[in-house]
Amino acid sequence: MEWETVIGLEIHAQLATRSKIFSGASTAFGAAPNTQACAVDLGLPGVLPVLNREVVRMAAKFGLAINATVAERSVFARKNYFYPDLPKGYQISQYELPVVANGHIDIELEDGAGNMVGKRIGVTRAHLEEDAGKSLHEDFHGMTGIDLNRAGTPLLEIVSEPDMRSAKEAVAYMKRIHELVRYIEICDGNMQEGSFRCDANVSVRPKGQEKFGTRAEIKNINSFRFVEKAIDYEVERQIALIESGGKVVQETRLYDPDRDETRSMRAKEEANDYRYFPDPDLLPLVIEPSFIEAVRATLPELPEAKRRRFVSEYELSPYDAGFLTASRELADYYEAVVKAVGAEPKLCANWVMGDLSANLNRDGKEIGDSPVSSAMLAGMIKRITDNTISGKIAKEVFEAMWNGEGDADAVIDKKGLKQITDSGAIEKIIDDILAANPDNVAAYRSGKDKLFGFFVGQAMKATQGKANPQQLNELLKKKLSG
Amino acid sequence: MALERKDVENIAHLARLAISEADIPEYARNLSSILALVEQMSAVDTAGVAPMAHPLDAVQRLREDQVTETDQREHFQAIAPAVEAGLYLVPKVIE
């Protein structure tokens, strides 16, 4: 039988605030355990939550960026369950009236024939909630250690429609959301620190069937690669289970990257077991239209619009535009280079995507930490376009700049890398080479065309790669033909 | 809607309440009569009435995003049954 996969994602994005969603405790990462958990976060008697204005602004900003409705009125609810890292016995979340509803985002996937195909993924809702603390199961004399620093950290839970039909689509969607929250500066996107993580709802159904199959929820996946692997594993597991006469049960599963499999955690409590009800400690959240308009005015150019502009303005391929707009910082860097060079946007793109990105990857650096600034790269590219250096020598200049040896002009000067463009000088070098290799000259003239490369190599060796390649080729051809 | 024994047991489990066997029929009766009252209220026509999220006709006030709390760990942990290395210790939770 042919099966169809149905996937919906719940993404938790930690909002980049200074303080918690309902208290004035710090959200800074990496503090000593429980030093950032105040009375409100601990749920001590008599405390009251007070909502952080900044989380409202960030949620609204996200809603506007995905063309969703930002609710003028939303309500906080208590989601009740027992776990030691949840001191109150309930999580403050939103249920019936979330702050953001009915948005969408577009993804693009390669169709197997080299074409990029677009697909729109619905975002059902995004709601505000507080994070729980952290349980440490290492051995504390058979007990579990609880760090509540994370309790009360603001999260935006972004819930998609079950619109995805493959693990690849799910990853593409997750990457788009990840890119977007960083662009609009509401989340740092740091997956190692848990600032961006997702749960995947996965089910399968016979192709053509309308009704969804029973789904399993894979919890807390914190890398793009694991999302893909976890979903692929889960789909195979469900198909094998059904084909062998079994039934998928609705449950929560955990992905184990070491064994590349998902494992059952516990039968998922039915939604009504959470006994959601409006939190009497919090009044309805009302967002005035003027507030929303003020937020709208702060929206930067969004990734999709930027990609389209890069294609039309700089005549880049969709692939290049996608690469360069993957983060706002990289896009800004690229545009600064193009602006400073004033020409050759494609050449600039090649340098940013090539040597610069390769070096950043190699040294594990972010674009913001690049030892070669946009001005330095632009200065070097200008020396290529004005024929001071060749593209090949530029690689050497780039490495030197990367290693802190100064800007392009200083490096070219210090290392004597200036290209030889004086025809007389190049001709003289060629004459010497031809005189020293009479056998090869004869062989070339009798038809061994491949020897041309040998002469180019000799000339480059003699000039330490500094001869202008076009001039060298032309002159060499002329001399060899006789 | 009349609650049965297993409903009472389920509710007690979700609320982590230990209840005695002998009291279950009484709880079932009491809870059922509360539900009967709710059913009576359900009969009222509320079409056109927006659900009330809070009895006060007021809206949520917001606070500025500022860190105002200082570390009070020693204070809070003084009343905890068990702590170690800054962590609260609880009976082992197996996932």
# chains A, B, ... in the order shown; residues from 1 in each chain; ligands from 1
>>> select_by_dssp(residues="chain B", states="strand (DSSP E or B)", output="PyMOL selection string")
chain B and resi 62-63+83-84+87-91
>>> write_last_selection(atoms="N, CA and C atoms", output="short mmCIF file (atom, residue, chain, number, x, y, z; two decimals), in the first residue's frame")
data_model
loop_
_atom_site.label_atom_id
_atom_site.label_comp_id
_atom_site.auth_asym_id
_atom_site.auth_seq_id
_atom_site.Cartn_x
_atom_site.Cartn_y
_atom_site.Cartn_z
N LEU B 62 0.64 45.84 32.09
CA LEU B 62 1.92 45.26 31.69
C LEU B 62 3.06 45.90 32.46
N ARG B 63 4.12 45.11 32.67
CA ARG B 63 5.30 45.68 33.32
C ARG B 63 6.41 45.84 32.29
N VAL B 83 18.39 19.98 49.52
CA VAL B 83 19.07 20.72 48.45
C VAL B 83 20.50 20.23 48.34
N GLU B 84 21.05 20.37 47.15
CA GLU B 84 22.46 20.05 46.97
C GLU B 84 22.98 20.79 45.75
N LEU B 87 20.71 22.90 43.86
CA LEU B 87 19.51 22.30 43.28
C LEU B 87 18.53 21.89 44.37
N TYR B 88 17.24 21.96 44.05
CA TYR B 88 16.24 21.36 44.92
C TYR B 88 16.24 19.86 44.62
N LEU B 89 16.24 19.03 45.64
CA LEU B 89 16.20 17.59 45.39
C LEU B 89 14.80 17.06 45.64
N VAL B 90 14.36 16.22 44.71
CA VAL B 90 13.03 15.62 44.83
C VAL B 90 13.17 14.13 44.58
N PRO B 91 12.17 13.34 45.00
CA PRO B 91 12.23 11.90 44.72
C PRO B 91 12.43 11.67 43.22
#
>>> select_by_dssp(residues="chain B", states="helix (DSSP H, G or I)", output="PyMOL selection string")
chain B and resi 5-14+21-42+73-77
>>> interface_residues(of="chain A", to="chain B", cutoff="9 Å", atoms="only C-alpha atoms", output="VMD selection string")
chain A and resid 17 to 27 32 to 39 42 50 to 56 75 to 76 80 to 84 135 to 137 140 142 to 148 265 to 266 273 to 274 277 to 286
>>> closest_residue(among="A:Asp139, A:Glu185, A:Glu110, A:Glu210", to="A:Leu299", atoms="only C-alpha atoms")
A:Glu185
>>> residues_around(residues="A:Glu315", least_positions_apart="3", cutoff="9 Å", atoms="only C-alpha atoms", output="ChimeraX atom specification")
/A:309-312,345-346
>>> residues_around(residues="B:Ser33", least_positions_apart="5", cutoff="10 Å", atoms="only C-alpha atoms", output="list of chain:residue names")
B:Met1, B:Ala2, B:Leu3, B:Tyr27, B:Ala28, B:Val38, B:Glu39
>>> residues_around(residues="B:Ala12", least_positions_apart="5", cutoff="12 Å", atoms="only C-alpha atoms", output="list in words")
Asp273 of chain A; Arg5, Lys6, Asp7, Leu17, Ala18, Ile19, Ser20, Glu21, Asp23, Ile24, Tyr27, Ala28 and Leu31 of chain B
>>> write_last_selection(atoms="all heavy atoms", output="short mmCIF file (atom, residue, chain, number, x, y, z; two decimals), in the first residue's frame")
data_model
loop_
_atom_site.label_atom_id
_atom_site.label_comp_id
_atom_site.auth_asym_id
_atom_site.auth_seq_id
_atom_site.Cartn_x
_atom_site.Cartn_y
_atom_site.Cartn_z
N ASP A 273 -7.57 16.36 30.05
CA ASP A 273 -6.96 16.03 31.32
C ASP A 273 -6.09 17.17 31.85
O ASP A 273 -5.73 17.19 33.02
CB ASP A 273 -6.11 14.78 31.19
CG ASP A 273 -6.96 13.53 31.30
OD1 ASP A 273 -8.19 13.65 31.49
OD2 ASP A 273 -6.41 12.44 31.19
N ARG B 5 -17.74 5.58 39.95
CA ARG B 5 -16.56 5.33 40.78
C ARG B 5 -15.27 5.61 40.00
O ARG B 5 -14.38 6.30 40.48
CB ARG B 5 -16.62 3.88 41.25
CG ARG B 5 -15.31 3.33 41.81
CD ARG B 5 -15.50 1.93 42.34
NE ARG B 5 -16.31 1.95 43.56
CZ ARG B 5 -15.80 2.07 44.80
NH1 ARG B 5 -14.51 2.16 44.96
NH2 ARG B 5 -16.58 2.09 45.85
N LYS B 6 -15.20 5.10 38.76
CA LYS B 6 -13.95 5.25 38.01
C LYS B 6 -13.68 6.73 37.65
O LYS B 6 -12.54 7.15 37.53
CB LYS B 6 -13.93 4.36 36.76
CG LYS B 6 -14.92 4.72 35.66
CD LYS B 6 -14.61 3.88 34.44
CE LYS B 6 -15.54 4.04 33.25
NZ LYS B 6 -16.42 5.16 33.13
N ASP B 7 -14.74 7.53 37.48
CA ASP B 7 -14.53 8.96 37.21
C ASP B 7 -13.90 9.63 38.43
O ASP B 7 -12.98 10.44 38.31
CB ASP B 7 -15.88 9.64 36.91
CG ASP B 7 -16.53 9.07 35.67
OD1 ASP B 7 -15.80 8.81 34.69
OD2 ASP B 7 -17.76 8.88 35.68
N LEU B 17 -4.66 13.33 44.59
CA LEU B 17 -5.29 13.27 45.90
C LEU B 17 -5.44 11.81 46.32
O LEU B 17 -5.90 10.98 45.53
CB LEU B 17 -6.69 13.92 45.85
CG LEU B 17 -6.75 15.44 45.68
CD1 LEU B 17 -8.21 15.88 45.53
CD2 LEU B 17 -6.11 16.14 46.86
N ALA B 18 -5.06 11.52 47.54
CA ALA B 18 -5.30 10.19 48.08
C ALA B 18 -6.68 10.21 48.73
O ALA B 18 -6.94 11.02 49.62
CB ALA B 18 -4.23 9.84 49.10
N ILE B 19 -7.56 9.34 48.25
CA ILE B 19 -8.90 9.31 48.85
C ILE B 19 -9.19 7.90 49.34
O ILE B 19 -8.66 6.92 48.80
CB ILE B 19 -9.99 9.76 47.85
CG1 ILE B 19 -9.92 8.94 46.55
CG2 ILE B 19 -9.84 11.24 47.54
CD1 ILE B 19 -11.04 9.26 45.58
N SER B 20 -10.02 7.79 50.34
CA SER B 20 -10.28 6.45 50.85
C SER B 20 -11.45 5.83 50.08
O SER B 20 -12.39 6.51 49.68
CB SER B 20 -10.56 6.49 52.36
OG SER B 20 -11.88 6.95 52.57
N GLU B 21 -11.33 4.54 49.90
CA GLU B 21 -12.35 3.74 49.20
C GLU B 21 -13.75 4.09 49.67
O GLU B 21 -14.65 4.31 48.87
CB GLU B 21 -12.09 2.25 49.47
CG GLU B 21 -11.07 1.61 48.56
CD GLU B 21 -11.55 1.57 47.12
OE1 GLU B 21 -12.65 1.02 46.87
OE2 GLU B 21 -10.83 2.12 46.26
N ASP B 23 -15.03 6.61 50.92
CA ASP B 23 -15.60 7.93 50.63
C ASP B 23 -16.03 8.12 49.18
O ASP B 23 -16.70 9.10 48.85
CB ASP B 23 -14.57 9.02 50.97
CG ASP B 23 -14.34 9.12 52.47
OD1 ASP B 23 -15.25 8.71 53.22
OD2 ASP B 23 -13.26 9.58 52.88
N ILE B 24 -15.61 7.19 48.32
CA ILE B 24 -15.85 7.39 46.89
C ILE B 24 -17.34 7.58 46.54
O ILE B 24 -17.68 8.52 45.81
CB ILE B 24 -15.21 6.25 46.06
CG1 ILE B 24 -13.67 6.37 46.17
CG2 ILE B 24 -15.63 6.32 44.59
CD1 ILE B 24 -12.91 5.32 45.41
N TYR B 27 -18.29 11.12 47.40
CA TYR B 27 -17.72 12.09 46.43
C TYR B 27 -18.48 12.05 45.12
O TYR B 27 -18.77 13.10 44.52
CB TYR B 27 -16.24 11.76 46.16
CG TYR B 27 -15.31 12.06 47.32
CD1 TYR B 27 -14.27 11.19 47.63
CD2 TYR B 27 -15.47 13.22 48.08
CE1 TYR B 27 -13.41 11.45 48.68
CE2 TYR B 27 -14.62 13.48 49.14
CZ TYR B 27 -13.58 12.61 49.44
OH TYR B 27 -12.74 12.86 50.48
N ALA B 28 -18.79 10.86 44.66
CA ALA B 28 -19.50 10.73 43.37
C ALA B 28 -20.84 11.46 43.45
O ALA B 28 -21.21 12.17 42.52
CB ALA B 28 -19.70 9.25 43.03
N LEU B 31 -20.14 15.38 43.67
CA LEU B 31 -19.69 15.93 42.38
C LEU B 31 -20.80 15.88 41.35
O LEU B 31 -20.98 16.80 40.55
CB LEU B 31 -18.46 15.15 41.88
CG LEU B 31 -17.17 15.37 42.68
CD1 LEU B 31 -16.09 14.37 42.25
CD2 LEU B 31 -16.66 16.79 42.50
#
>>> residues_around(residues="A:Leu472", least_positions_apart="6", cutoff="12 Å", atoms="only C-alpha atoms", output="number ranges by chain")
A: 390, 419-431, 452-453, 455-460, 463, 465-466, 478-480
>>> write_last_selection(atoms="C-alpha atoms", output="PDB file, in the first residue's frame")
ATOM      1  CA  SER A 390      44.095  38.308 -10.325  1.00  0.00           C
ATOM      2  CA  GLN A 419      49.740  41.811 -10.995  1.00  0.00           C
ATOM      3  CA  ILE A 420      52.145  42.199 -13.927  1.00  0.00           C
ATOM      4  CA  THR A 421      50.195  43.931 -16.679  1.00  0.00           C
ATOM      5  CA  ASP A 422      53.129  45.335 -18.574  1.00  0.00           C
ATOM      6  CA  SER A 423      53.023  43.470 -21.937  1.00  0.00           C
ATOM      7  CA  GLY A 424      56.715  44.072 -22.509  1.00  0.00           C
ATOM      8  CA  ALA A 425      57.601  42.366 -19.237  1.00  0.00           C
ATOM      9  CA  ILE A 426      55.300  39.454 -19.889  1.00  0.00           C
ATOM     10  CA  GLU A 427      56.637  39.040 -23.427  1.00  0.00           C
ATOM     11  CA  LYS A 428      60.167  38.885 -22.129  1.00  0.00           C
ATOM     12  CA  ILE A 429      59.292  36.147 -19.690  1.00  0.00           C
ATOM     13  CA  ILE A 430      57.578  34.185 -22.468  1.00  0.00           C
ATOM     14  CA  ASP A 431      60.563  34.562 -24.752  1.00  0.00           C
ATOM     15  CA  PHE A 452      49.765  25.140 -23.798  1.00  0.00           C
ATOM     16  CA  GLY A 453      49.066  24.519 -20.133  1.00  0.00           C
ATOM     17  CA  PHE A 455      53.778  27.093 -20.899  1.00  0.00           C
ATOM     18  CA  VAL A 456      51.165  28.913 -18.820  1.00  0.00           C
ATOM     19  CA  GLY A 457      52.408  27.034 -15.777  1.00  0.00           C
ATOM     20  CA  GLN A 458      56.032  27.970 -16.477  1.00  0.00           C
ATOM     21  CA  ALA A 459      55.128  31.621 -16.952  1.00  0.00           C
ATOM     22  CA  MET A 460      53.081  31.718 -13.754  1.00  0.00           C
ATOM     23  CA  THR A 463      56.097  35.440 -12.058  1.00  0.00           C
ATOM     24  CA  GLY A 465      51.380  33.810 -10.263  1.00  0.00           C
ATOM     25  CA  LYS A 466      51.391  37.523 -10.793  1.00  0.00           C
ATOM     26  CA  LYS A 478      50.591  34.742 -30.382  1.00  0.00           C
ATOM     27  CA  LYS A 479      54.199  33.770 -29.722  1.00  0.00           C
ATOM     28  CA  LEU A 480      53.617  30.032 -29.985  1.00  0.00           C
TER      29      LEU A 480
END
>>> atom_distance(atom1="atom CA of A:Lys88", atom2="atom CA of A:Glu130")
11.6 Å
>>> decode(residues="stretch 78-96 of chain A", atoms="N, CA, C and O atoms", output="PDB file, in the first residue's frame")
ATOM      1  N   ARG A  78      -4.596  28.254  32.647  1.00  0.00           N
ATOM      2  CA  ARG A  78      -3.735  27.332  33.370  1.00  0.00           C
ATOM      3  C   ARG A  78      -3.823  25.947  32.746  1.00  0.00           C
ATOM      4  O   ARG A  78      -4.907  25.426  32.526  1.00  0.00           O
ATOM      5  N   LYS A  79      -2.669  25.386  32.473  1.00  0.00           N
ATOM      6  CA  LYS A  79      -2.603  24.021  31.966  1.00  0.00           C
ATOM      7  C   LYS A  79      -2.087  23.180  33.139  1.00  0.00           C
ATOM      8  O   LYS A  79      -0.941  23.345  33.560  1.00  0.00           O
ATOM      9  N   ASN A  80      -2.919  22.322  33.648  1.00  0.00           N
ATOM     10  CA  ASN A  80      -2.592  21.631  34.899  1.00  0.00           C
ATOM     11  C   ASN A  80      -1.924  20.281  34.675  1.00  0.00           C
ATOM     12  O   ASN A  80      -2.456  19.425  33.961  1.00  0.00           O
ATOM     13  N   TYR A  81      -0.769  20.098  35.242  1.00  0.00           N
ATOM     14  CA  TYR A  81      -0.165  18.760  35.308  1.00  0.00           C
ATOM     15  C   TYR A  81       0.893  18.767  36.406  1.00  0.00           C
ATOM     16  O   TYR A  81       1.315  19.840  36.860  1.00  0.00           O
ATOM     17  N   PHE A  82       1.271  17.590  36.824  1.00  0.00           N
ATOM     18  CA  PHE A  82       2.234  17.495  37.927  1.00  0.00           C
ATOM     19  C   PHE A  82       3.591  17.043  37.436  1.00  0.00           C
ATOM     20  O   PHE A  82       3.714  16.003  36.796  1.00  0.00           O
ATOM     21  N   TYR A  83       4.579  17.807  37.719  1.00  0.00           N
ATOM     22  CA  TYR A  83       5.952  17.432  37.439  1.00  0.00           C
ATOM     23  C   TYR A  83       6.826  18.310  38.320  1.00  0.00           C
ATOM     24  O   TYR A  83       6.513  19.484  38.518  1.00  0.00           O
ATOM     25  N   PRO A  84       7.913  17.772  38.871  1.00  0.00           N
ATOM     26  CA  PRO A  84       8.660  18.557  39.863  1.00  0.00           C
ATOM     27  C   PRO A  84       9.279  19.846  39.320  1.00  0.00           C
ATOM     28  O   PRO A  84       9.547  20.764  40.097  1.00  0.00           O
ATOM     29  N   ASP A  85       9.507  19.921  37.988  1.00  0.00           N
ATOM     30  CA  ASP A  85      10.098  21.159  37.486  1.00  0.00           C
ATOM     31  C   ASP A  85       9.029  22.215  37.187  1.00  0.00           C
ATOM     32  O   ASP A  85       9.312  23.259  36.605  1.00  0.00           O
ATOM     33  N   LEU A  86       7.794  21.929  37.592  1.00  0.00           N
ATOM     34  CA  LEU A  86       6.685  22.872  37.419  1.00  0.00           C
ATOM     35  C   LEU A  86       6.102  23.154  38.805  1.00  0.00           C
ATOM     36  O   LEU A  86       5.136  22.525  39.224  1.00  0.00           O
ATOM     37  N   PRO A  87       6.706  24.094  39.543  1.00  0.00           N
ATOM     38  CA  PRO A  87       6.378  24.219  40.969  1.00  0.00           C
ATOM     39  C   PRO A  87       4.919  24.555  41.258  1.00  0.00           C
ATOM     40  O   PRO A  87       4.397  24.136  42.279  1.00  0.00           O
ATOM     41  N   LYS A  88       4.258  25.289  40.393  1.00  0.00           N
ATOM     42  CA  LYS A  88       2.886  25.686  40.686  1.00  0.00           C
ATOM     43  C   LYS A  88       1.878  24.561  40.482  1.00  0.00           C
ATOM     44  O   LYS A  88       0.757  24.652  40.936  1.00  0.00           O
ATOM     45  N   GLY A  89       2.282  23.506  39.738  1.00  0.00           N
ATOM     46  CA  GLY A  89       1.313  22.462  39.404  1.00  0.00           C
ATOM     47  C   GLY A  89       0.509  22.833  38.169  1.00  0.00           C
ATOM     48  O   GLY A  89      -0.377  22.107  37.746  1.00  0.00           O
ATOM     49  N   TYR A  90       0.800  23.984  37.596  1.00  0.00           N
ATOM     50  CA  TYR A  90       0.198  24.355  36.311  1.00  0.00           C
ATOM     51  C   TYR A  90       1.151  25.275  35.576  1.00  0.00           C
ATOM     52  O   TYR A  90       1.984  25.949  36.189  1.00  0.00           O
ATOM     53  N   GLN A  91       1.023  25.249  34.270  1.00  0.00           N
ATOM     54  CA  GLN A  91       1.806  26.133  33.426  1.00  0.00           C
ATOM     55  C   GLN A  91       0.872  27.223  32.931  1.00  0.00           C
ATOM     56  O   GLN A  91      -0.242  26.916  32.474  1.00  0.00           O
ATOM     57  N   ILE A  92       1.295  28.475  33.028  1.00  0.00           N
ATOM     58  CA  ILE A  92       0.451  29.537  32.467  1.00  0.00           C
ATOM     59  C   ILE A  92       0.698  29.578  30.965  1.00  0.00           C
ATOM     60  O   ILE A  92       1.837  29.721  30.507  1.00  0.00           O
ATOM     61  N   SER A  93      -0.387  29.396  30.220  1.00  0.00           N
ATOM     62  CA  SER A  93      -0.309  29.309  28.765  1.00  0.00           C
ATOM     63  C   SER A  93      -1.530  30.022  28.203  1.00  0.00           C
ATOM     64  O   SER A  93      -2.207  30.756  28.926  1.00  0.00           O
ATOM     65  N   GLN A  94      -1.785  29.832  26.929  1.00  0.00           N
ATOM     66  CA  GLN A  94      -3.021  30.368  26.359  1.00  0.00           C
ATOM     67  C   GLN A  94      -3.724  29.213  25.664  1.00  0.00           C
ATOM     68  O   GLN A  94      -3.073  28.334  25.101  1.00  0.00           O
ATOM     69  N   TYR A  95      -5.038  29.181  25.729  1.00  0.00           N
ATOM     70  CA  TYR A  95      -5.754  28.033  25.187  1.00  0.00           C
ATOM     71  C   TYR A  95      -6.781  28.452  24.151  1.00  0.00           C
ATOM     72  O   TYR A  95      -6.517  28.394  22.961  1.00  0.00           O
ATOM     73  N   GLU A  96      -7.920  28.935  24.627  1.00  0.00           N
ATOM     74  CA  GLU A  96      -8.987  29.235  23.668  1.00  0.00           C
ATOM     75  C   GLU A  96      -8.721  30.502  22.861  1.00  0.00           C
ATOM     76  O   GLU A  96      -9.091  30.583  21.706  1.00  0.00           O
TER      77      GLU A  96
END
